[in-house]
Amino acid sequence: MLGGVTCTIPSDRTFAAFLFDMDGTILSSLAATERVWAAWARAHGLDVEKFLPTIHGRQAVETIRDLGLPGLDPEVEGAWILAREMEDVGGIEPIAGAPAFLASLPPERWVIVTSAPRELALRRLAAAGLPASRTMITADEVPNGKPAPDCYLLAARKLGVAIEDCLIFEDAPAGIASAEAAGGEVVVITAMHPHPVETAHFAVRDYVGLTVYLEAGRIGVRSKT
């Protein structure tokens with residue numbers, strides 16, 4: 001129930017491609033991510049409880065830069081965060097139903113679009129037992145991270161499809177804003193949200209009740225029930 005309305009994916013519409021955020025959307029890395037960032041925040045005198053909600057869905061360097069802390073080099077601090085995140089993959093697992101859902105998609109028609117650097121994305125996907133997409137857009141490839149639309153526009157361009165013809169799966173506010181700015185249709189995955197999500201977009205908890213269908217070379221999704 002979202003904002004008093006039950007929201008479901010448009011089963012009567014098909015798309016050229018599906019685009020997926022990674023963390024919180026196809027895999028859960030929340031515990032590992034927050035362990036690393038909490039240690040960093042404490043070391044720099046930040047209020048951990050207030051700070052942690054601001055990190056999700058964004059590039060580490062941009063999160064640090066926006067803090068404006070004196071004497072800190074965002075690139076150096078971002079490299080420290082990356083090194084710790086590469087080490088800590090404890091508890092990373094797929095969002096329920098994601099492995100089967102991704103496996104049912106034509107491999108040339110879906111893309112992971114993440115704010116993580118490529119090496120971290122591959123590390124987390126391996127930890128979760130999920131495949132990398134043939135085409136993958138990571139933080140290394142776009143000058144402006146989410147909530148800017150650059151990453152999703154690049155994904156559509158690499159696939160040779162219109163972004164308006166893409167279904168984008170997201171979970172975090174920055175990623176949702178990025179997908180909106182790009183112009184794609186948005187589905188919000190709510191599995192990692194501890195509280196009900198207020199959104200105007202289609203929303204589902206996970207992929208367990210969803211099934212993919214192909215129609216005239218295009219992709220659609222339906223509820224199994």
# chains A, B, ... in the order shown; residues from 1 in each chain; ligands from 1
call {"tool": "residues_around", "arguments": {"residues": "range 205-222 of chain A", "least_positions_apart": "6", "cutoff": "10 Å", "atoms": "only C-alpha atoms", "output": "VMD selection string"}}
result
chain A and resid 8 to 18 25 to 26 95 to 106 109 to 110 165 to 167 171 188 to 193
call {"tool": "write_last_selection", "arguments": {"atoms": "C-alpha atoms", "output": "PDB file, in the first residue's frame"}}
result
ATOM      1  CA  THR A   8       1.326  -2.675  -9.717  1.00  0.00           C
ATOM      2  CA  ILE A   9       3.563  -2.868 -12.777  1.00  0.00           C
ATOM      3  CA  PRO A  10       1.717  -2.100 -16.044  1.00  0.00           C
ATOM      4  CA  SER A  11       1.147  -5.637 -17.369  1.00  0.00           C
ATOM      5  CA  ASP A  12      -0.483  -4.368 -20.551  1.00  0.00           C
ATOM      6  CA  ARG A  13       2.632  -2.501 -21.712  1.00  0.00           C
ATOM      7  CA  THR A  14       5.807  -3.930 -23.208  1.00  0.00           C
ATOM      8  CA  PHE A  15       9.266  -2.359 -23.318  1.00  0.00           C
ATOM      9  CA  ALA A  16      12.426  -2.455 -25.407  1.00  0.00           C
ATOM     10  CA  ALA A  17      14.632  -3.002 -22.347  1.00  0.00           C
ATOM     11  CA  PHE A  18      14.723  -3.267 -18.566  1.00  0.00           C
ATOM     12  CA  THR A  25      17.091  -3.216  -6.148  1.00  0.00           C
ATOM     13  CA  ILE A  26      18.478  -6.607  -7.218  1.00  0.00           C
ATOM     14  CA  ILE A  95      16.549  -9.523  -3.392  1.00  0.00           C
ATOM     15  CA  ALA A  96      13.921 -12.279  -3.249  1.00  0.00           C
ATOM     16  CA  GLY A  97      13.091 -13.617  -6.713  1.00  0.00           C
ATOM     17  CA  ALA A  98      15.769 -11.559  -8.484  1.00  0.00           C
ATOM     18  CA  PRO A  99      17.915 -14.480  -9.742  1.00  0.00           C
ATOM     19  CA  ALA A 100      15.033 -16.161 -11.558  1.00  0.00           C
ATOM     20  CA  PHE A 101      13.633 -12.863 -12.806  1.00  0.00           C
ATOM     21  CA  LEU A 102      16.953 -11.769 -14.329  1.00  0.00           C
ATOM     22  CA  ALA A 103      17.566 -15.225 -15.799  1.00  0.00           C
ATOM     23  CA  SER A 104      14.242 -15.022 -17.647  1.00  0.00           C
ATOM     24  CA  LEU A 105      15.209 -11.822 -19.481  1.00  0.00           C
ATOM     25  CA  PRO A 106      16.848 -11.767 -22.921  1.00  0.00           C
ATOM     26  CA  ARG A 109      17.810  -6.458 -23.248  1.00  0.00           C
ATOM     27  CA  TRP A 110      18.686  -5.695 -19.616  1.00  0.00           C
ATOM     28  CA  ASP A 165      10.874   2.711 -24.013  1.00  0.00           C
ATOM     29  CA  CYS A 166      12.702   1.389 -20.937  1.00  0.00           C
ATOM     30  CA  LEU A 167      11.330   0.090 -17.631  1.00  0.00           C
ATOM     31  CA  ASP A 171      14.786   1.775  -4.804  1.00  0.00           C
ATOM     32  CA  VAL A 188      10.149   1.054  -7.101  1.00  0.00           C
ATOM     33  CA  ILE A 189      11.435  -2.050  -5.297  1.00  0.00           C
ATOM     34  CA  THR A 190      10.558  -1.687  -1.616  1.00  0.00           C
ATOM     35  CA  ALA A 191      12.227  -4.752  -0.051  1.00  0.00           C
ATOM     36  CA  MET A 192      14.903  -2.718   1.735  1.00  0.00           C
ATOM     37  CA  HIS A 193      12.561  -0.006   2.983  1.00  0.00           C
TER      38      HIS A 193
END
call {"tool": "residues_around", "arguments": {"residues": "range 69-84 of chain A", "least_positions_apart": "6", "cutoff": "7 Å", "atoms": "only C-alpha atoms", "output": "list of chain:residue names"}}
result
A:Val36, A:Ala60, A:Val61
call {"tool": "select_by_dssp", "arguments": {"residues": "range 48-154 of chain A", "states": "strand (DSSP E)", "output": "PDB file with C-alpha atoms, in the first residue's frame"}}
result
ATOM      1  CA  GLU A  93      22.360 -11.534  -0.924  1.00  0.00           C
ATOM      2  CA  PRO A  94      19.903 -11.217  -3.805  1.00  0.00           C
ATOM      3  CA  TRP A 110      18.686  -5.695 -19.616  1.00  0.00           C
ATOM      4  CA  VAL A 111      21.353  -3.520 -18.026  1.00  0.00           C
ATOM      5  CA  ILE A 112      22.625  -2.899 -14.503  1.00  0.00           C
ATOM      6  CA  VAL A 113      22.984   0.849 -13.880  1.00  0.00           C
ATOM      7  CA  THR A 135      26.199  -4.087 -20.774  1.00  0.00           C
ATOM      8  CA  MET A 136      26.753  -2.475 -17.386  1.00  0.00           C
ATOM      9  CA  ILE A 137      26.840   1.229 -16.503  1.00  0.00           C
TER      10      ILE A 137
END
call {"tool": "closest_residue", "arguments": {"among": "A:Ala121, A:Leu153, A:Ala181, A:Ala126", "to": "Thr138 in chain A", "atoms": "only C-alpha atoms"}}
result
A:Ala121
call {"tool": "atom_distance", "arguments": {"atom1": "CA of Arg134 in chain A", "atom2": "CA of Glu180 in chain A"}}
result
23.9 Å
